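Engineer: Would you mind keeping the following structure in view while I ask a few things?
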Amino acid sequence: MPSVALQNLGCSKNVIDGENILGFFKSAGFQLTEDLEEAEIIVVNTCAFIREAQEEAIETILESASYKKEGRCRTLVVTGCFSQRYRDEVSVQFPEVNLWAGVDDWEEVLKTHFQAESSLTFVRELSEPLSTQYLKIAEGCSHRCSFCAIPSIRGPFKSRPVQSIIDEALWLYSKGTRELILVAQDTSFYGRDSGSNLALLLEDILNKTKFPWIRMMYLHPKFVDESLLKLISSESRICSYFDIPLQHISDPILKSMRRSPLSADIYRLIDRIRALVPGSALRSSFILGYPGETEKDYKCLRDFIEFARFDKLGVFPYSPEHGTDAFELKKRPRTSTAQKRCEELMLLQREISREIMEVKIGTEIEVIIDSVSEEPDYNFEGRSRSDAPEIDGKVFISSGSFETGSIIKAKVFGADDYDLFAEPSKYTDH
Ligand code: SF4
C-alpha cells in the first residue's frame, strides 16, 4: 500500500483532526511515514484562523507540492480549515493539489478517492508524548464574535455524546495518557446544546477514568459558572488551571466584538475564581488594535492586566478576516500601534510572570515528566499543573530517572521569567 505523510498546522483541535486522518489511513492499510521525500501521499492539514495561518497554509502546500518533483509524492491532499473555507476559490490556483477536503467531509472524500475500506473502528494515530493528550469534546462554535471566522468555517457548536468521549478517554488512558486535556472552540459551552453541561461531563470522566490530571482549555467567561468552579476546587484530579481568552476589557470594544460579559463582570469573575479556587493558575489572551481601539481602551486593558496578574498571557495584533463583521469596521489603529501595544503588554507580563515564578521558589509542586532535557544541567523537562503544553513554561528537573508521563513531587529551587527549576522530592507515579 502507498505511504502517507502528514503536515499538521494550527491548534490542538487541528492536531486531533490530523491524528484522525492518519488513523483513517492506517486502518485502511496504508503505511505511515514522517519522511516527506518517501511519502506517496502527502496530506497538509491546514489552519485558517488568521492571515498568518493562511499564509503558512499556502507555503506548506507549495512546499509539499515540490515533493511531486523531488520525491515520490503522487497525491497531494489538503484538509482542514483553509480547505474548508477557500477550496472553491483557490483550487484553480493550486493545480498540484489532487484533493481538497473540508473539516466535515474529509472522511467521505478520502474514502471515495482512495477507495479505502469503510472502517468504523479507526482510531487516532497519537502524537508524542502519549502521556499528555488532547480530547475534543465538541465541534464548531455558536457564538458570533465579530472578528472570528471560526463559526463560518466549523459550523455551529455540537457537543459530542458523553459515551463517545468516555470511550476515547478510556482508550487514551490504556495507551498511557496521564494528563487529559479537554478542548473545543468553547469547552465551557459543552452540553448546552444537549441538556448537559461541562461540570456533569467532568464528573462522568472523573468517575469512569483514572486520569490523575485533567485540564481544560478555551473556557468562555460567560460559562465559567459556580458549579464548574466548585467542582474544580473540590476535585484534586482537575488541574486548577483556567484558560479564559477574554479578548479585551474595555466595554466599547467588547460590545463591538459582540462579547459578553462586560468589564465589571469580568473583574468579578477573576475575583470569584481566586476566592473559590485558591492557588489556581489563570491564562488569558487579548487582541490589540481592534477597530476603534483608542489609547483609553488600551489603558483600560493595561490596568486590567496589572489588576488580574495572569499567570500566563498571550496578546495578538488584530487580524481582519474576510467574511467577518469586524472586517467592515473603520478606525482601525495602525499595525505598528497594535504591535507596540502588544510588545508593551508582554513586557509588563514578563515582570508579573517573573514575580509569580519567584514566589514558587522553596515550594513543592507536582510535575509531569514530558521528556529528557536538552539542557545539559538537567535530566528531565516537565510541567506543573499551572502549565499547559507548548504555550506555557516548563519545569526543569535536576536529577533522578523517570519514565515519561510519571508524576513526581519536586522542590523548586530556581526560577526565570517563565520556567522553574526543581529537584525531585518524592516519586508519586499514578
Ligand atoms: S467564542 Fe471563540 S471560536 Fe467562538 S466565535 Fe468567539 S472567538 Fe470565535
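Here, A, B, ... name the chains of the C-alpha cells in the order displayed, residue numbers run from 1 inside each chain, and ligands are numbered from 1 in the same displayed order.
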Which chains and residue numbers are within 12 Å of ligand 1, counting only C-alpha atoms and all ligand atoms, if I want them as a compact mmCIF listing (two decimals) with N, CA and C atoms, in the first residue's frame?
Structural biologist:
```txt
# COMPACT_ATOMS: atom_id res chain seq x y z
N CYS A 11 -4.05 24.64 15.60
CA CYS A 11 -4.27 24.48 17.04
C CYS A 11 -4.40 23.02 17.45
N LYS A 13 -6.95 21.47 18.34
CA LYS A 13 -8.12 20.80 17.75
C LYS A 13 -7.77 20.25 16.38
N PHE A 49 -7.20 30.45 10.75
CA PHE A 49 -7.76 31.31 11.78
C PHE A 49 -7.48 32.79 11.51
N ILE A 50 -6.22 33.11 11.24
CA ILE A 50 -5.87 34.50 10.91
C ILE A 50 -4.99 34.50 9.66
N ALA A 138 -16.25 18.73 21.54
CA ALA A 138 -17.31 19.34 20.72
C ALA A 138 -16.67 19.88 19.45
N GLU A 139 -17.51 20.16 18.50
CA GLU A 139 -17.04 20.74 17.24
C GLU A 139 -17.79 22.05 17.03
N GLY A 140 -17.17 23.02 16.35
CA GLY A 140 -17.87 24.24 15.97
C GLY A 140 -18.06 25.25 17.10
N CYS A 141 -18.72 26.35 16.77
CA CYS A 141 -18.96 27.40 17.76
C CYS A 141 -20.24 28.14 17.40
N SER A 142 -21.07 28.39 18.41
CA SER A 142 -22.33 29.09 18.15
C SER A 142 -22.29 30.55 18.59
N HIS A 143 -21.14 31.01 19.07
CA HIS A 143 -21.03 32.43 19.38
C HIS A 143 -20.79 33.19 18.08
N ARG A 144 -20.92 34.47 18.16
CA ARG A 144 -20.77 35.25 16.93
C ARG A 144 -19.84 36.43 17.19
N CYS A 145 -18.67 36.17 17.73
CA CYS A 145 -17.71 37.25 17.95
C CYS A 145 -17.40 37.89 16.59
N SER A 146 -17.41 39.22 16.59
CA SER A 146 -17.38 39.94 15.31
C SER A 146 -16.13 39.71 14.48
N PHE A 147 -15.02 39.33 15.16
CA PHE A 147 -13.73 39.24 14.47
C PHE A 147 -13.39 37.83 14.02
N CYS A 148 -14.25 36.88 14.34
CA CYS A 148 -13.84 35.48 14.24
C CYS A 148 -14.54 34.75 13.10
N ALA A 149 -13.76 34.04 12.31
CA ALA A 149 -14.31 33.32 11.17
C ALA A 149 -14.64 31.86 11.50
N ILE A 150 -14.30 31.45 12.71
CA ILE A 150 -14.44 30.02 13.05
C ILE A 150 -15.88 29.50 12.85
N PRO A 151 -16.91 30.23 13.34
CA PRO A 151 -18.26 29.66 13.16
C PRO A 151 -18.61 29.43 11.68
N SER A 152 -18.10 30.31 10.80
CA SER A 152 -18.42 30.10 9.38
C SER A 152 -17.59 28.96 8.79
N ILE A 153 -16.49 28.62 9.44
CA ILE A 153 -15.67 27.50 8.93
C ILE A 153 -16.15 26.18 9.54
N ARG A 154 -16.30 26.19 10.85
CA ARG A 154 -16.56 24.92 11.54
C ARG A 154 -18.03 24.69 11.89
N GLY A 155 -18.88 25.66 11.57
CA GLY A 155 -20.31 25.47 11.83
C GLY A 155 -20.68 25.68 13.28
N PRO A 156 -21.99 25.49 13.60
CA PRO A 156 -22.43 25.73 14.98
C PRO A 156 -21.88 24.69 15.96
N PHE A 157 -21.92 25.06 17.24
CA PHE A 157 -21.40 24.18 18.30
C PHE A 157 -22.19 22.87 18.34
N VAL A 183 -10.58 19.85 24.94
CA VAL A 183 -10.59 21.03 24.07
C VAL A 183 -11.87 21.09 23.25
N ALA A 184 -12.20 22.30 22.82
CA ALA A 184 -13.30 22.58 21.89
C ALA A 184 -13.13 24.05 21.55
N GLN A 185 -13.91 24.59 20.64
CA GLN A 185 -13.80 26.04 20.40
C GLN A 185 -14.17 26.80 21.67
N ASP A 186 -15.21 26.30 22.37
CA ASP A 186 -15.58 26.85 23.67
C ASP A 186 -15.91 25.65 24.56
N THR A 187 -14.90 25.20 25.31
CA THR A 187 -15.06 23.99 26.12
C THR A 187 -16.17 24.16 27.15
N SER A 188 -16.31 25.38 27.68
CA SER A 188 -17.30 25.61 28.74
C SER A 188 -18.73 25.57 28.22
N PHE A 189 -18.91 25.58 26.90
CA PHE A 189 -20.26 25.53 26.33
C PHE A 189 -20.76 24.08 26.21
N MET A 217 -8.98 23.55 28.23
CA MET A 217 -8.52 24.75 27.53
C MET A 217 -9.74 25.44 26.91
N TYR A 218 -9.60 26.74 26.66
CA TYR A 218 -10.60 27.53 25.93
C TYR A 218 -11.96 27.60 26.65
N LEU A 219 -11.95 28.21 27.82
CA LEU A 219 -13.22 28.44 28.53
C LEU A 219 -13.72 29.84 28.19
N HIS A 220 -15.01 29.99 27.98
CA HIS A 220 -15.59 31.30 27.69
C HIS A 220 -16.02 31.93 29.02
N PRO A 221 -15.71 33.23 29.24
CA PRO A 221 -16.01 33.82 30.55
C PRO A 221 -17.49 33.76 30.93
N LYS A 222 -18.34 33.70 29.93
CA LYS A 222 -19.79 33.68 30.22
C LYS A 222 -20.23 32.36 30.86
N PHE A 223 -19.46 31.30 30.62
CA PHE A 223 -19.94 29.98 31.05
C PHE A 223 -19.07 29.36 32.15
N ILE A 244 -8.93 31.27 29.89
CA ILE A 244 -10.14 32.00 29.53
C ILE A 244 -9.76 33.15 28.59
N PRO A 245 -9.81 32.94 27.28
CA PRO A 245 -9.50 34.05 26.37
C PRO A 245 -10.54 35.15 26.55
N LEU A 246 -10.10 36.35 26.94
CA LEU A 246 -11.05 37.43 27.23
C LEU A 246 -11.13 38.46 26.09
N GLN A 247 -10.14 38.51 25.27
CA GLN A 247 -10.07 39.34 24.04
C GLN A 247 -9.91 40.84 24.30
N HIS A 248 -10.64 41.40 25.28
CA HIS A 248 -10.44 42.80 25.65
C HIS A 248 -11.11 43.04 26.99
N LEU A 254 -15.54 45.51 23.75
CA LEU A 254 -16.23 44.23 23.98
C LEU A 254 -17.59 44.23 23.29
N MET A 257 -17.12 43.86 19.67
CA MET A 257 -16.72 42.46 19.40
C MET A 257 -17.89 41.49 19.58
N ARG A 258 -18.99 41.98 20.11
CA ARG A 258 -20.16 41.16 20.48
C ARG A 258 -19.76 40.09 21.51
N ARG A 259 -18.97 40.55 22.50
CA ARG A 259 -18.56 39.65 23.56
C ARG A 259 -19.32 40.00 24.83
N SER A 260 -19.63 39.02 25.60
CA SER A 260 -20.11 39.26 26.95
C SER A 260 -19.49 38.18 27.83
N SER A 285 -5.98 35.56 26.83
CA SER A 285 -5.38 36.16 25.63
C SER A 285 -6.23 37.35 25.20
N PHE A 286 -5.57 38.31 24.56
CA PHE A 286 -6.21 39.57 24.18
C PHE A 286 -5.82 39.96 22.77
N ILE A 287 -6.74 40.68 22.14
CA ILE A 287 -6.49 41.21 20.79
C ILE A 287 -6.23 42.71 20.91
N GLU A 321 -10.41 39.60 9.09
CA GLU A 321 -10.74 38.39 8.34
C GLU A 321 -11.92 38.63 7.41
N THR A 324 -16.03 38.38 8.08
CA THR A 324 -16.45 38.66 9.46
C THR A 324 -17.01 40.09 9.51
N ASP A 325 -17.85 40.35 10.49
CA ASP A 325 -18.46 41.68 10.58
C ASP A 325 -17.41 42.76 10.88
N ALA A 326 -16.40 42.40 11.66
CA ALA A 326 -15.39 43.39 12.03
C ALA A 326 -14.56 43.82 10.82
```
Engineer: Dump as CSV the rows for residues of range 112-168 of chain A within 10 Å of range 206-215 of chain A: closest atom pair and distance in Å with one decimal, only C-alpha atoms counted, ordered by chain and rising residue number.
Structural biologist:
```
residue,atom,partner,partner_atom,distance
A:Thr132,CA,A:Trp213,CA,9.3
A:Tyr134,CA,A:Arg215,CA,9.2
A:Ile166,CA,A:Lys208,CA,7.4
A:Asp167,CA,A:Lys208,CA,9.7
```
Engineer: Grab the CA of Ser386 in chain A to CA of Leu282 in chain A distance for me, in Å with one decimal place.
Structural biologist: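 For CA of Ser386 in chain A relative to CA of Leu282 in chain A, the distance reads 8.2 Å.
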Engineer: Determine the nearest neighbour of Glu295 in chain A from the options A:Arg385, A:Arg309, A:Ile365, A:Ser250, counting only C-alpha atoms.
Structural biologist: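 Among A:Arg385, A:Arg309, A:Ile365, A:Ser250, it is A:Ser250 that comes nearest to Glu295 in chain A.
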Engineer: Identify all residues of range 25-120 of chain A in alpha helix (DSSP H) (DSSP on the backbone) and supply them as a VMD selection string.
Structural biologist: chain A and resid 25 to 27 51 to 65 67 to 70 81 to 90 106 to 114
Engineer: Generate a file of the selected residues that holds N, CA and C atoms, formatted as a CSV table (one decimal), in the first residue's frame.
Structural biologist:
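The file below, result_10.csv, is the result:
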```csv
chain,number,residue,atom,x,y,z
A,25,PHE,N,-6.0,6.4,7.5
A,25,PHE,CA,-5.1,5.8,6.5
A,25,PHE,C,-4.6,4.5,7.0
A,26,LYS,N,-4.1,4.5,8.3
A,26,LYS,CA,-3.5,3.3,8.9
A,26,LYS,C,-4.5,2.2,8.9
A,27,SER,N,-5.8,2.5,9.3
A,27,SER,CA,-6.7,1.4,9.4
A,27,SER,C,-7.1,0.9,8.1
A,51,ARG,N,-4.7,35.7,9.2
A,51,ARG,CA,-4.0,35.8,7.9
A,51,ARG,C,-2.6,35.0,7.9
A,52,GLU,N,-1.9,35.1,9.1
A,52,GLU,CA,-0.6,34.4,9.2
A,52,GLU,C,-0.8,32.9,9.0
A,53,ALA,N,-1.9,32.4,9.5
A,53,ALA,CA,-2.2,30.9,9.4
A,53,ALA,C,-2.5,30.6,8.0
A,54,GLN,N,-3.2,31.5,7.3
A,54,GLN,CA,-3.5,31.2,5.9
A,54,GLN,C,-2.2,31.2,5.0
A,55,GLU,N,-1.3,32.2,5.4
A,55,GLU,CA,-0.1,32.3,4.6
A,55,GLU,C,0.8,31.0,4.9
A,56,GLU,N,0.8,30.6,6.1
A,56,GLU,CA,1.5,29.3,6.4
A,56,GLU,C,0.9,28.1,5.7
A,57,ALA,N,-0.4,28.1,5.6
A,57,ALA,CA,-1.1,27.0,4.8
A,57,ALA,C,-0.6,27.0,3.4
A,58,ILE,N,-0.6,28.2,2.8
A,58,ILE,CA,-0.2,28.3,1.3
A,58,ILE,C,1.3,27.9,1.2
A,59,GLU,N,2.1,28.4,2.1
A,59,GLU,CA,3.6,28.0,2.0
A,59,GLU,C,3.7,26.5,2.1
A,60,THR,N,3.0,25.9,3.1
A,60,THR,CA,3.2,24.4,3.3
A,60,THR,C,2.6,23.6,2.1
A,61,ILE,N,1.5,24.1,1.5
A,61,ILE,CA,1.0,23.4,0.3
A,61,ILE,C,2.1,23.5,-0.8
A,62,LEU,N,2.6,24.6,-1.0
A,62,LEU,CA,3.6,24.8,-2.1
A,62,LEU,C,4.9,23.9,-1.8
A,63,GLU,N,5.3,23.9,-0.5
A,63,GLU,CA,6.5,23.2,-0.2
A,63,GLU,C,6.2,21.7,-0.4
A,64,SER,N,5.0,21.2,0.0
A,64,SER,CA,4.6,19.8,-0.1
A,64,SER,C,4.5,19.4,-1.6
A,65,ALA,N,4.1,20.4,-2.4
A,65,ALA,CA,3.9,20.1,-3.9
A,65,ALA,C,5.3,19.9,-4.5
A,67,TYR,N,7.5,18.0,-3.5
A,67,TYR,CA,7.9,16.6,-3.4
A,67,TYR,C,7.3,15.8,-4.5
A,68,LYS,N,6.4,16.4,-5.3
A,68,LYS,CA,5.9,15.7,-6.5
A,68,LYS,C,7.0,15.7,-7.6
A,69,LYS,N,7.9,16.6,-7.5
A,69,LYS,CA,9.1,16.6,-8.4
A,69,LYS,C,10.3,16.0,-7.8
A,70,GLU,N,10.5,16.3,-6.5
A,70,GLU,CA,11.8,15.9,-5.9
A,70,GLU,C,11.6,14.6,-5.1
A,81,CYS,N,-9.1,23.7,8.0
A,81,CYS,CA,-9.9,24.9,7.9
A,81,CYS,C,-9.7,25.7,6.6
A,82,PHE,N,-8.4,25.8,6.2
A,82,PHE,CA,-8.1,26.6,5.0
A,82,PHE,C,-8.9,26.0,3.8
A,83,SER,N,-8.8,24.7,3.7
A,83,SER,CA,-9.5,24.0,2.6
A,83,SER,C,-11.0,24.2,2.7
A,84,GLN,N,-11.5,24.0,4.0
A,84,GLN,CA,-13.0,24.2,4.2
A,84,GLN,C,-13.4,25.6,3.7
A,85,ARG,N,-12.6,26.6,4.0
A,85,ARG,CA,-13.1,27.9,3.7
A,85,ARG,C,-12.8,28.4,2.3
A,86,TYR,N,-11.7,28.0,1.7
A,86,TYR,CA,-11.2,28.6,0.5
A,86,TYR,C,-11.2,27.6,-0.7
A,87,ARG,N,-11.5,26.3,-0.5
A,87,ARG,CA,-11.2,25.4,-1.6
A,87,ARG,C,-11.9,25.8,-2.9
A,88,ASP,N,-13.1,26.3,-2.9
A,88,ASP,CA,-13.8,26.7,-4.1
A,88,ASP,C,-13.1,27.8,-4.8
A,89,GLU,N,-12.6,28.8,-4.0
A,89,GLU,CA,-11.9,29.9,-4.6
A,89,GLU,C,-10.5,29.7,-5.1
A,90,VAL,N,-9.8,28.8,-4.4
A,90,VAL,CA,-8.3,28.7,-4.7
A,90,VAL,C,-7.9,27.5,-5.4
A,106,TRP,N,-14.0,15.3,5.3
A,106,TRP,CA,-12.7,14.6,4.8
A,106,TRP,C,-12.8,13.1,4.8
A,107,GLU,N,-13.6,12.5,5.7
A,107,GLU,CA,-13.6,11.1,5.7
A,107,GLU,C,-14.3,10.5,4.5
A,108,GLU,N,-15.4,11.2,4.1
A,108,GLU,CA,-16.1,10.7,2.9
A,108,GLU,C,-15.2,10.9,1.7
A,109,VAL,N,-14.6,12.1,1.6
A,109,VAL,CA,-13.7,12.4,0.4
A,109,VAL,C,-12.6,11.4,0.3
A,110,LEU,N,-11.9,11.1,1.4
A,110,LEU,CA,-10.8,10.2,1.4
A,110,LEU,C,-11.3,8.8,1.0
A,111,LYS,N,-12.4,8.4,1.6
A,111,LYS,CA,-12.9,7.0,1.3
A,111,LYS,C,-13.2,6.9,-0.2
A,112,THR,N,-13.8,7.9,-0.7
A,112,THR,CA,-14.2,7.8,-2.2
A,112,THR,C,-12.9,7.8,-3.0
A,113,HIS,N,-12.1,8.8,-2.8
A,113,HIS,CA,-10.9,8.9,-3.6
A,113,HIS,C,-10.0,7.7,-3.6
A,114,PHE,N,-9.7,7.2,-2.4
A,114,PHE,CA,-8.7,6.1,-2.3
A,114,PHE,C,-9.4,4.8,-2.2
```
Engineer: Among the residues of range 207-364 of chain A, find those DSSP assigns to strand (DSSP E) from the backbone and print them as a PDB file with C-alpha atoms, in the first residue's frame.
Structural biologist:
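Output file states_1.pdb is given in full below:
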```
ATOM      1  CA  TRP A 213      -4.519  15.226  35.757  1.00  0.00           C
ATOM      2  CA  ILE A 214      -7.445  16.616  33.775  1.00  0.00           C
ATOM      3  CA  ARG A 215      -7.069  20.040  32.201  1.00  0.00           C
ATOM      4  CA  MET A 216      -9.433  22.192  30.162  1.00  0.00           C
ATOM      5  CA  TYR A 241      -5.974  25.976  35.557  1.00  0.00           C
ATOM      6  CA  PHE A 242      -8.281  28.447  33.857  1.00  0.00           C
ATOM      7  CA  ASP A 243      -7.608  29.267  30.228  1.00  0.00           C
ATOM      8  CA  ALA A 281      -3.435  29.480  37.518  1.00  0.00           C
ATOM      9  CA  LEU A 282      -5.122  31.911  35.145  1.00  0.00           C
ATOM     10  CA  ARG A 283      -4.303  32.233  31.460  1.00  0.00           C
ATOM     11  CA  SER A 284      -5.898  34.665  29.061  1.00  0.00           C
ATOM     12  CA  SER A 285      -5.382  36.165  25.634  1.00  0.00           C
ATOM     13  CA  PHE A 286      -6.212  39.566  24.183  1.00  0.00           C
ATOM     14  CA  ILE A 287      -6.495  41.209  20.790  1.00  0.00           C
ATOM     15  CA  LEU A 288      -4.787  44.591  20.335  1.00  0.00           C
ATOM     16  CA  LYS A 312       0.046  33.202  31.634  1.00  0.00           C
ATOM     17  CA  LEU A 313      -0.818  35.656  28.908  1.00  0.00           C
ATOM     18  CA  GLY A 314      -0.996  35.800  25.118  1.00  0.00           C
ATOM     19  CA  VAL A 315      -1.555  39.018  23.138  1.00  0.00           C
ATOM     20  CA  PHE A 316      -2.168  39.221  19.407  1.00  0.00           C
ATOM     21  CA  PRO A 317      -2.474  42.076  16.931  1.00  0.00           C
ATOM     22  CA  GLU A 364       6.876  21.696  46.496  1.00  0.00           C
TER      23      GLU A 364
END
```
Engineer: Could you check how far CA of Tyr418 in chain A sits from CA of Ser371 in chain A, in Å to one decimal?
Structural biologist: 18.2 Å
Engineer: List the spatial neighbours of Gln163 in chain A as a list in words - criterion: any atom at most 12 Å away, only C-alpha atoms, same-chain residues fewer than 2 positions off excluded.
Structural biologist: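 Returned residues: Ile137, Ser159, Arg160, Pro161, Ile165, Ile166, Asp167, Glu168, Ala169, Leu170, Leu201, Asp204, Ile205 and Lys208 of chain A.
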Engineer: Per residue of range 92-194 of chain A within 7 Å of range 72-79 of chain A, note the shortest atom pair and the distance in Å to one decimal, counting only C-alpha atoms, and order the rows by chain and increasing residue number, as a tab-separated table.
Structural biologist:
```
residue	atom	partner	partner_atom	distance
A:Val97	CA	A:Leu76	CA	5.1
A:Asn98	CA	A:Leu76	CA	5.3
A:Leu99	CA	A:Val77	CA	4.7
A:Trp100	CA	A:Val78	CA	5.0
A:Ala101	CA	A:Thr79	CA	4.8
A:Gly102	CA	A:Thr79	CA	5.5
A:Val103	CA	A:Thr79	CA	6.9
A:Trp106	CA	A:Thr79	CA	6.8
```
Engineer: Those same residues - N, CA and C atoms - I'd like them written as an mmCIF file, in the first residue's frame.
Structural biologist:
```cif
data_model
loop_
_atom_site.group_PDB
_atom_site.id
_atom_site.type_symbol
_atom_site.label_atom_id
_atom_site.label_comp_id
_atom_site.auth_asym_id
_atom_site.auth_seq_id
_atom_site.Cartn_x
_atom_site.Cartn_y
_atom_site.Cartn_z
ATOM 1 N N VAL A 97 -2.524 20.345 -6.290
ATOM 2 C CA VAL A 97 -3.322 19.672 -5.257
ATOM 3 C C VAL A 97 -4.314 18.738 -5.943
ATOM 4 N N ASN A 98 -4.286 17.457 -5.573
ATOM 5 C CA ASN A 98 -5.176 16.486 -6.200
ATOM 6 C C ASN A 98 -6.535 16.427 -5.531
ATOM 7 N N LEU A 99 -6.544 16.756 -4.227
ATOM 8 C CA LEU A 99 -7.774 16.528 -3.480
ATOM 9 C C LEU A 99 -7.927 17.581 -2.397
ATOM 10 N N TRP A 100 -9.095 18.207 -2.351
ATOM 11 C CA TRP A 100 -9.400 19.153 -1.278
ATOM 12 C C TRP A 100 -10.501 18.535 -0.423
ATOM 13 N N ALA A 101 -10.329 18.566 0.877
ATOM 14 C CA ALA A 101 -11.370 18.029 1.758
ATOM 15 C C ALA A 101 -11.572 18.988 2.917
ATOM 16 N N GLY A 102 -12.797 19.094 3.393
ATOM 17 C CA GLY A 102 -13.101 20.041 4.460
ATOM 18 C C GLY A 102 -13.079 19.387 5.831
ATOM 19 N N VAL A 103 -13.423 20.181 6.854
ATOM 20 C CA VAL A 103 -13.389 19.635 8.213
ATOM 21 C C VAL A 103 -14.557 18.681 8.467
ATOM 22 N N TRP A 106 -13.982 15.256 5.266
ATOM 23 C CA TRP A 106 -12.716 14.645 4.848
ATOM 24 C C TRP A 106 -12.804 13.122 4.768
#
```
Engineer: How far is it from CA of Leu32 in chain A to CA of Ile16 in chain A, in Å with one decimal?
Structural biologist: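 Pair CA of Leu32 in chain A / CA of Ile16 in chain A returns 16.3 Å.
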Engineer: Give me, as a list in words, all polymer residues having an atom no more than 9 Å from Phe24 in chain A, counting only C-alpha atoms and skipping those fewer than 3 positions away in the same chain.
Structural biologist: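 Neighbouring residues, sequence-local ones excluded: Glu19, Asn20, Ile21, Ser27, Ala28, Gly29, Phe30, Glu107, Leu110, Ala116, Ser119, Thr121, Phe122, Val123, Arg124 and Glu125 of chain A.
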Engineer: Pick out the closest residue to Ala410 in chain A from this set: A:Glu423, A:Glu37, A:Glu306, A:Asp271. Count only C-alpha atoms.
Structural biologist: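 Among A:Glu423, A:Glu37, A:Glu306, A:Asp271, it is A:Glu423 that comes nearest to Ala410 in chain A.
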